[in-house]
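This is model26.csv (CSV, C-alpha atoms).
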```
chain,number,residue,atom,x,y,z
A,1,MET,CA,1.8,24.9,-35.4
A,2,ASN,CA,1.8,23.3,-31.9
A,3,LEU,CA,5.3,21.7,-31.7
A,4,GLU,CA,4.3,19.7,-28.7
A,5,LEU,CA,1.8,17.7,-30.9
A,6,PHE,CA,4.4,17.0,-33.6
A,7,ASP,CA,4.9,13.3,-34.4
A,8,PRO,CA,8.6,12.7,-34.6
A,9,HIS,CA,7.9,9.5,-36.6
A,10,ASP,CA,6.3,11.5,-39.4
A,11,THR,CA,9.1,12.0,-41.9
A,12,ALA,CA,7.2,14.3,-44.3
A,13,PRO,CA,9.3,17.5,-44.8
A,14,VAL,CA,8.1,20.2,-42.4
A,15,ARG,CA,9.6,23.7,-42.2
A,16,ILE,CA,9.1,25.6,-39.0
A,17,ASP,CA,10.1,29.3,-39.1
A,18,LEU,CA,11.8,30.7,-36.0
A,19,GLY,CA,12.6,34.1,-37.4
A,20,PRO,CA,13.0,35.9,-40.7
A,21,ALA,CA,16.1,33.8,-41.5
A,22,ALA,CA,15.9,31.0,-39.0
A,23,VAL,CA,14.2,27.6,-39.6
A,24,VAL,CA,13.9,24.1,-38.3
A,25,LEU,CA,13.7,21.5,-41.1
A,26,ARG,CA,12.0,18.5,-39.5
A,27,GLY,CA,13.5,15.2,-40.4
A,28,TYR,CA,15.7,16.7,-43.1
A,29,ALA,CA,18.8,14.7,-42.2
A,30,LEU,CA,17.1,11.3,-42.1
A,31,PRO,CA,18.1,10.4,-45.7
A,32,TYR,CA,21.7,11.2,-44.9
A,33,VAL,CA,22.0,9.2,-41.6
A,34,ASP,CA,23.3,6.0,-43.0
A,35,ALA,CA,26.3,7.8,-44.5
A,36,VAL,CA,26.8,10.3,-41.7
A,37,LEU,CA,27.0,7.8,-38.7
A,38,PRO,CA,29.9,5.7,-40.1
A,39,ALA,CA,31.7,8.9,-41.0
A,40,LEU,CA,31.2,10.2,-37.5
A,41,ASP,CA,32.8,7.0,-36.1
A,42,GLY,CA,35.8,7.7,-38.2
A,43,VAL,CA,36.0,11.3,-36.9
A,44,LEU,CA,35.8,10.3,-33.3
A,45,ALA,CA,38.3,7.5,-33.7
A,46,ALA,CA,40.8,10.2,-34.9
A,47,ALA,CA,39.8,12.9,-32.4
A,48,PRO,CA,38.0,11.4,-29.4
A,49,LEU,CA,35.3,13.2,-27.5
A,50,ARG,CA,36.4,15.2,-24.5
A,51,HIS,CA,34.9,17.6,-21.9
A,52,MET,CA,36.5,21.0,-22.3
A,53,GLU,CA,36.6,23.8,-19.7
A,54,THR,CA,35.0,27.2,-20.0
A,55,PRO,CA,37.3,30.3,-19.5
A,56,GLY,CA,35.9,30.4,-16.0
A,57,GLY,CA,37.2,26.9,-15.3
A,58,LEU,CA,33.8,25.1,-15.4
A,59,ARG,CA,33.6,21.6,-17.0
A,60,MET,CA,31.2,21.6,-20.0
A,61,SER,CA,28.5,19.0,-19.6
A,62,ALA,CA,28.5,18.1,-23.3
A,63,ALA,CA,31.5,16.2,-24.6
A,64,LEU,CA,32.9,17.5,-27.9
A,65,SER,CA,35.2,17.0,-30.8
A,66,ASN,CA,35.7,18.6,-34.3
A,67,CYS,CA,36.4,18.0,-37.9
A,68,GLY,CA,37.2,20.2,-40.8
A,69,ALA,CA,40.0,22.7,-41.4
A,70,LEU,CA,39.2,24.5,-38.1
A,71,GLY,CA,38.1,23.2,-34.7
A,72,TRP,CA,36.4,25.0,-31.9
A,73,ALA,CA,38.1,24.8,-28.5
A,74,SER,CA,37.7,26.3,-25.0
A,75,ASP,CA,39.9,26.5,-22.0
A,76,ARG,CA,41.0,29.1,-19.4
A,77,HIS,CA,42.5,31.1,-22.2
A,78,GLY,CA,39.2,31.6,-23.9
A,79,TYR,CA,37.1,30.4,-26.8
A,80,ARG,CA,38.7,30.1,-30.2
A,81,TYR,CA,39.2,28.2,-33.4
A,82,ALA,CA,42.4,26.3,-34.1
A,83,ARG,CA,43.8,24.1,-36.9
A,84,HIS,CA,45.1,21.5,-34.5
A,85,ASP,CA,43.5,19.4,-31.8
A,86,PRO,CA,44.9,20.9,-28.5
A,87,GLN,CA,44.8,17.4,-27.0
A,88,THR,CA,47.0,15.7,-29.6
A,89,GLY,CA,48.7,18.5,-31.5
A,90,LEU,CA,47.5,16.9,-34.7
A,91,PRO,CA,45.3,18.6,-37.3
A,92,TRP,CA,41.6,18.0,-36.8
A,93,PRO,CA,40.2,15.2,-39.0
A,94,ALA,CA,39.0,16.2,-42.4
A,95,MET,CA,35.3,16.9,-42.8
A,96,PRO,CA,33.7,13.8,-44.3
A,97,ALA,CA,32.0,14.2,-47.6
A,98,ALA,CA,28.7,13.0,-46.1
A,99,PHE,CA,28.8,15.8,-43.6
A,100,LEU,CA,29.5,18.4,-46.2
A,101,ARG,CA,26.7,17.2,-48.5
A,102,LEU,CA,24.2,17.3,-45.6
A,103,ALA,CA,25.3,20.8,-44.4
A,104,GLN,CA,25.2,22.4,-47.8
A,105,ALA,CA,21.9,20.8,-48.8
A,106,ALA,CA,20.2,21.9,-45.5
A,107,ALA,CA,21.6,25.5,-45.9
A,108,ASP,CA,20.4,25.6,-49.5
A,109,ALA,CA,16.9,24.4,-48.4
A,110,ALA,CA,16.8,27.2,-45.8
A,111,GLY,CA,17.7,29.8,-48.3
A,112,PHE,CA,21.5,30.1,-47.9
A,113,ALA,CA,23.0,29.0,-51.2
A,114,GLY,CA,26.8,28.6,-51.4
A,115,PHE,CA,27.4,27.6,-47.8
A,116,ARG,CA,31.0,26.3,-47.5
A,117,PRO,CA,31.6,25.2,-43.9
A,118,ASP,CA,35.2,24.7,-42.8
A,119,ALA,CA,34.4,23.6,-39.2
A,120,CYS,CA,32.0,21.1,-37.7
A,121,LEU,CA,31.7,20.9,-33.9
A,122,VAL,CA,30.5,17.5,-32.6
A,123,ASN,CA,28.7,17.6,-29.3
A,124,ARG,CA,27.6,14.5,-27.4
A,125,TYR,CA,24.8,15.0,-24.8
A,126,VAL,CA,23.7,12.5,-22.3
A,127,PRO,CA,20.6,12.8,-20.0
A,128,GLY,CA,21.2,15.8,-17.8
A,129,ALA,CA,23.6,17.6,-20.1
A,130,ARG,CA,22.8,21.0,-21.3
A,131,MET,CA,24.1,24.1,-23.2
A,132,GLY,CA,23.6,27.5,-21.7
A,133,LEU,CA,22.4,30.5,-23.8
A,134,HIS,CA,25.2,31.8,-26.0
A,135,GLN,CA,26.0,33.4,-29.3
A,136,ASP,CA,28.1,31.9,-32.0
A,137,LYS,CA,30.5,34.8,-32.5
A,138,ASN,CA,34.0,33.4,-32.7
A,139,GLU,CA,33.8,33.2,-36.5
A,140,ARG,CA,35.5,35.8,-38.7
A,141,ASP,CA,32.5,36.5,-40.9
A,142,PHE,CA,28.9,36.4,-39.7
A,143,GLY,CA,27.6,36.4,-43.3
A,144,ALA,CA,27.3,32.6,-43.4
A,145,PRO,CA,24.6,30.7,-41.5
A,146,ILE,CA,24.8,28.1,-38.7
A,147,VAL,CA,23.6,24.6,-39.6
A,148,SER,CA,22.9,22.4,-36.6
A,149,VAL,CA,22.0,18.7,-37.0
A,150,SER,CA,20.3,16.7,-34.2
A,151,LEU,CA,20.8,12.9,-34.0
A,152,GLY,CA,19.7,10.5,-31.2
A,153,ILE,CA,17.5,11.3,-28.3
A,154,PRO,CA,15.3,14.4,-28.2
A,155,ALA,CA,16.3,17.8,-26.9
A,156,VAL,CA,14.6,21.2,-26.3
A,157,PHE,CA,16.4,23.9,-28.3
A,158,LEU,CA,16.2,27.4,-26.8
A,159,PHE,CA,16.1,30.2,-29.5
A,160,GLY,CA,16.3,33.7,-28.0
A,161,GLY,CA,16.9,37.2,-29.1
A,162,GLY,CA,19.9,39.5,-29.5
A,163,ARG,CA,20.3,39.9,-25.8
A,164,ARG,CA,20.9,37.2,-23.2
A,165,GLY,CA,17.9,38.3,-21.2
A,166,ASP,CA,15.4,38.2,-24.1
A,167,PRO,CA,12.7,35.6,-24.0
A,168,ALA,CA,13.7,32.3,-25.6
A,169,ARG,CA,11.4,30.0,-27.6
A,170,ARG,CA,11.4,26.3,-26.7
A,171,VAL,CA,11.6,24.1,-29.8
A,172,PRO,CA,11.6,20.3,-29.4
A,173,LEU,CA,14.2,18.7,-31.7
A,174,HIS,CA,14.1,15.0,-32.7
A,175,HIS,CA,16.4,12.6,-34.6
A,176,GLY,CA,17.1,14.0,-38.0
A,177,ASP,CA,16.0,17.6,-37.5
A,178,VAL,CA,18.2,20.4,-38.8
A,179,ALA,CA,18.1,24.0,-37.5
A,180,VAL,CA,19.5,26.7,-39.7
A,181,TRP,CA,19.9,30.4,-38.8
A,182,GLY,CA,21.7,33.3,-40.4
A,183,GLY,CA,21.2,36.8,-41.8
A,184,PRO,CA,19.4,39.0,-39.2
A,185,ASP,CA,19.1,36.0,-36.9
A,186,ARG,CA,22.8,35.0,-37.0
A,187,LEU,CA,23.7,36.3,-33.6
A,188,ARG,CA,20.6,35.3,-31.6
A,189,TYR,CA,21.2,33.6,-28.3
A,190,HIS,CA,20.5,29.9,-28.3
A,191,GLY,CA,21.1,26.9,-26.1
A,192,VAL,CA,19.8,23.5,-25.0
A,193,LEU,CA,17.8,22.6,-21.9
A,194,PRO,CA,19.0,19.6,-19.8
A,195,LEU,CA,18.2,16.4,-21.7
A,196,LYS,CA,15.6,14.1,-20.2
A,197,ASP,CA,16.2,10.3,-19.8
A,198,ALA,CA,15.5,8.6,-23.1
A,199,SER,CA,17.0,6.0,-25.5
A,200,HIS,CA,17.2,6.0,-29.3
A,201,PRO,CA,17.0,2.7,-31.1
A,202,ARG,CA,20.2,3.3,-33.0
A,203,LEU,CA,22.3,5.7,-30.8
A,204,GLY,CA,21.2,4.6,-27.3
A,205,ALA,CA,20.9,7.2,-24.5
A,206,ILE,CA,22.8,10.0,-26.2
A,207,ARG,CA,22.2,12.9,-28.5
A,208,ILE,CA,24.8,13.9,-31.1
A,209,ASN,CA,24.7,17.5,-32.4
A,210,LEU,CA,26.7,18.5,-35.5
A,211,THR,CA,27.1,22.2,-35.8
A,212,PHE,CA,28.5,23.4,-39.1
A,213,ARG,CA,30.1,26.9,-39.4
A,214,GLN,CA,32.1,28.9,-41.9
A,215,ALA,CA,34.7,30.0,-39.3
A,216,GLY,CA,37.8,31.1,-41.2
```

What's the structure tokens form of this structure?
Amino acid sequence: MNLELFDPHDTAPVRIDLGPAAVVLRGYALPYVDAVLPALDGVLAAAPLRHMETPGGLRMSAALSNCGALGWASDRHGYRYARHDPQTGLPWPAMPAAFLRLAQAAADAAGFAGFRPDACLVNRYVPGARMGLHQDKNERDFGAPIVSVSLGIPAVFLFGGGRRGDPARRVPLHHGDVAVWGGPDRLRYHGVLPLKDASHPRLGAIRINLTFRQAG
């Protein structure tokens, strides 16, 4: 399939295989959006978006927040999960039921039944923001998949191999797309190219990425 020719307005379910246990489910989240967006507003009211620092002291270009029993954080002390928001000292907001329904349904559709995420990382990208190639490896158990939901303006997802220098496939992601990877693909490097100028009719000039993990 030529992904460049994909019509993002076609909401028919399309599954694109990226590996033996890695897929993009085109438009899968669209039926959930009306419940997810108001729930997201509640999460961000309790734990506002912020730009964290890498351990090397660099400011991340994507702003982030969390919900669930655990939240991902980064500063000069390293990457980690914590039960409390380091900015307020309060527990992270509970994961909304609409989030959990979407994450579990997408995981099941991708072949990962029984997914029970306890962490959801919320990233907000604006044009020019990016995410460098990295592995998701701060979780205790790599047996559960990663479920990544794209909302808002388009992005190009990089999906590489087991080493940082391996070639990375470029996969356009649109509003409502869900990427799921686990099993032998769980520790593959991945990232996001700098976003181009664009506007979404509902979210404006931003992209929201919800990344669900079983972290604890």

Item to complete: Just the residues within 9 Å of range 31-36 of chain A, please, counting all atoms listed in the file, with nothing from its chain fewer than 4 positions along; format it as number ranges by chain.
Response: A: 27, 40-41, 96-99, 101-102, 151, 176

Worksheet item: Pick the closest to Leu70 in chain A from A:Leu210, A:Leu30, A:Leu121, A:Leu58: which is it, counting all atoms listed in the file?
Response: A:Leu121

Item to complete: Calculate how many Å separate CA of Ala105 in chain A from CA of Pro93 in chain A, rounding to one decimal.
Response: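 Interatomic distance here is 21.5 Å.
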
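Taking only C-alpha atoms into account, Ala39 in chain A lies nearest to A:Ala94 out of the set A:Leu18, A:Ala94, A:Ala62, A:Ala107.
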
Practice prompt. Report the distance between CA of Asn138 in chain A and CA of Ile153 in chain A in Å, rounded to one decimal place.
Written response: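 We find that CA of Asn138 in chain A and CA of Ile153 in chain A lie 27.9 Å from each other.
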
Anything within 7 Å of (31.5, 26.5, -40.6): list those residues as a PDB file with C-alpha atoms, in the frame of the given file, counting all atoms listed in the file and sticking to the file's coordinates.
```
ATOM      1  CA  ARG A 116      31.000  26.300 -47.500  1.00  0.00           C
ATOM      2  CA  PRO A 117      31.600  25.200 -43.900  1.00  0.00           C
ATOM      3  CA  ASP A 118      35.200  24.700 -42.800  1.00  0.00           C
ATOM      4  CA  ALA A 119      34.400  23.600 -39.200  1.00  0.00           C
ATOM      5  CA  CYS A 120      32.000  21.100 -37.700  1.00  0.00           C
ATOM      6  CA  PHE A 212      28.500  23.400 -39.100  1.00  0.00           C
ATOM      7  CA  ARG A 213      30.100  26.900 -39.400  1.00  0.00           C
ATOM      8  CA  GLN A 214      32.100  28.900 -41.900  1.00  0.00           C
ATOM      9  CA  ALA A 215      34.700  30.000 -39.300  1.00  0.00           C
TER      10      ALA A 215
END
```

Worksheet item: Counting all atoms listed in the file, which residues come within 12 Å of (20.2, 37.6, -38.3), with the point read in the file's coordinates, and could you list them as a ChimeraX atom specification?
Response: /A:18-23,135-136,142-146,160-162,180-189

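Each of A:Gly152, A:Gly78, A:Pro91, A:Pro127 was compared to Pro201 in chain A using all atoms listed in the file, and A:Gly152 turns out to be the nearest.
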
Fill in: d(CA of Gly111 in chain A, CA of Tyr28 in chain A) in Å
14.2 Å

Repair of range 140-152 of chain A at the level of N, CA, C and O atoms, as a PDB file, in the coordinates of the input:
```
ATOM      1  N   ARG A 140      35.026  34.532 -38.095  1.00  0.00           N
ATOM      2  CA  ARG A 140      35.500  35.800 -38.700  1.00  0.00           C
ATOM      3  C   ARG A 140      34.451  36.583 -39.378  1.00  0.00           C
ATOM      4  O   ARG A 140      34.464  37.811 -39.406  1.00  0.00           O
ATOM      5  N   ASP A 141      33.513  35.875 -40.006  1.00  0.00           N
ATOM      6  CA  ASP A 141      32.500  36.500 -40.900  1.00  0.00           C
ATOM      7  C   ASP A 141      31.140  35.969 -40.462  1.00  0.00           C
ATOM      8  O   ASP A 141      30.917  34.759 -40.487  1.00  0.00           O
ATOM      9  N   PHE A 142      30.235  36.859 -40.107  1.00  0.00           N
ATOM     10  CA  PHE A 142      28.900  36.400 -39.700  1.00  0.00           C
ATOM     11  C   PHE A 142      27.942  36.353 -40.886  1.00  0.00           C
ATOM     12  O   PHE A 142      26.733  36.209 -40.706  1.00  0.00           O
ATOM     13  N   GLY A 143      28.470  36.433 -42.105  1.00  0.00           N
ATOM     14  CA  GLY A 143      27.600  36.400 -43.300  1.00  0.00           C
ATOM     15  C   GLY A 143      27.086  35.002 -43.597  1.00  0.00           C
ATOM     16  O   GLY A 143      26.067  34.866 -44.271  1.00  0.00           O
ATOM     17  N   ALA A 144      27.779  33.963 -43.112  1.00  0.00           N
ATOM     18  CA  ALA A 144      27.300  32.600 -43.400  1.00  0.00           C
ATOM     19  C   ALA A 144      26.440  32.101 -42.250  1.00  0.00           C
ATOM     20  O   ALA A 144      26.565  32.534 -41.104  1.00  0.00           O
ATOM     21  N   PRO A 145      25.534  31.170 -42.541  1.00  0.00           N
ATOM     22  CA  PRO A 145      24.600  30.700 -41.500  1.00  0.00           C
ATOM     23  C   PRO A 145      25.260  29.646 -40.597  1.00  0.00           C
ATOM     24  O   PRO A 145      26.384  29.194 -40.822  1.00  0.00           O
ATOM     25  N   ILE A 146      24.532  29.277 -39.565  1.00  0.00           N
ATOM     26  CA  ILE A 146      24.800  28.100 -38.700  1.00  0.00           C
ATOM     27  C   ILE A 146      23.900  26.997 -39.133  1.00  0.00           C
ATOM     28  O   ILE A 146      22.697  27.216 -39.305  1.00  0.00           O
ATOM     29  N   VAL A 147      24.441  25.795 -39.290  1.00  0.00           N
ATOM     30  CA  VAL A 147      23.600  24.600 -39.600  1.00  0.00           C
ATOM     31  C   VAL A 147      23.847  23.600 -38.486  1.00  0.00           C
ATOM     32  O   VAL A 147      24.970  23.156 -38.252  1.00  0.00           O
ATOM     33  N   SER A 148      22.769  23.243 -37.792  1.00  0.00           N
ATOM     34  CA  SER A 148      22.900  22.400 -36.600  1.00  0.00           C
ATOM     35  C   SER A 148      21.987  21.152 -36.782  1.00  0.00           C
ATOM     36  O   SER A 148      20.762  21.257 -36.923  1.00  0.00           O
ATOM     37  N   VAL A 149      22.628  19.982 -36.766  1.00  0.00           N
ATOM     38  CA  VAL A 149      22.000  18.700 -37.000  1.00  0.00           C
ATOM     39  C   VAL A 149      21.789  17.932 -35.722  1.00  0.00           C
ATOM     40  O   VAL A 149      22.756  17.744 -34.977  1.00  0.00           O
ATOM     41  N   SER A 150      20.575  17.465 -35.444  1.00  0.00           N
ATOM     42  CA  SER A 150      20.300  16.700 -34.200  1.00  0.00           C
ATOM     43  C   SER A 150      20.137  15.211 -34.579  1.00  0.00           C
ATOM     44  O   SER A 150      19.390  14.848 -35.497  1.00  0.00           O
ATOM     45  N   LEU A 151      20.836  14.361 -33.817  1.00  0.00           N
ATOM     46  CA  LEU A 151      20.800  12.900 -34.000  1.00  0.00           C
ATOM     47  C   LEU A 151      20.617  12.266 -32.613  1.00  0.00           C
ATOM     48  O   LEU A 151      21.233  12.721 -31.651  1.00  0.00           O
ATOM     49  N   GLY A 152      19.820  11.210 -32.514  1.00  0.00           N
ATOM     50  CA  GLY A 152      19.700  10.500 -31.200  1.00  0.00           C
ATOM     51  C   GLY A 152      18.468  10.980 -30.444  1.00  0.00           C
ATOM     52  O   GLY A 152      17.417  11.304 -31.011  1.00  0.00           O
TER      53      GLY A 152
END
```
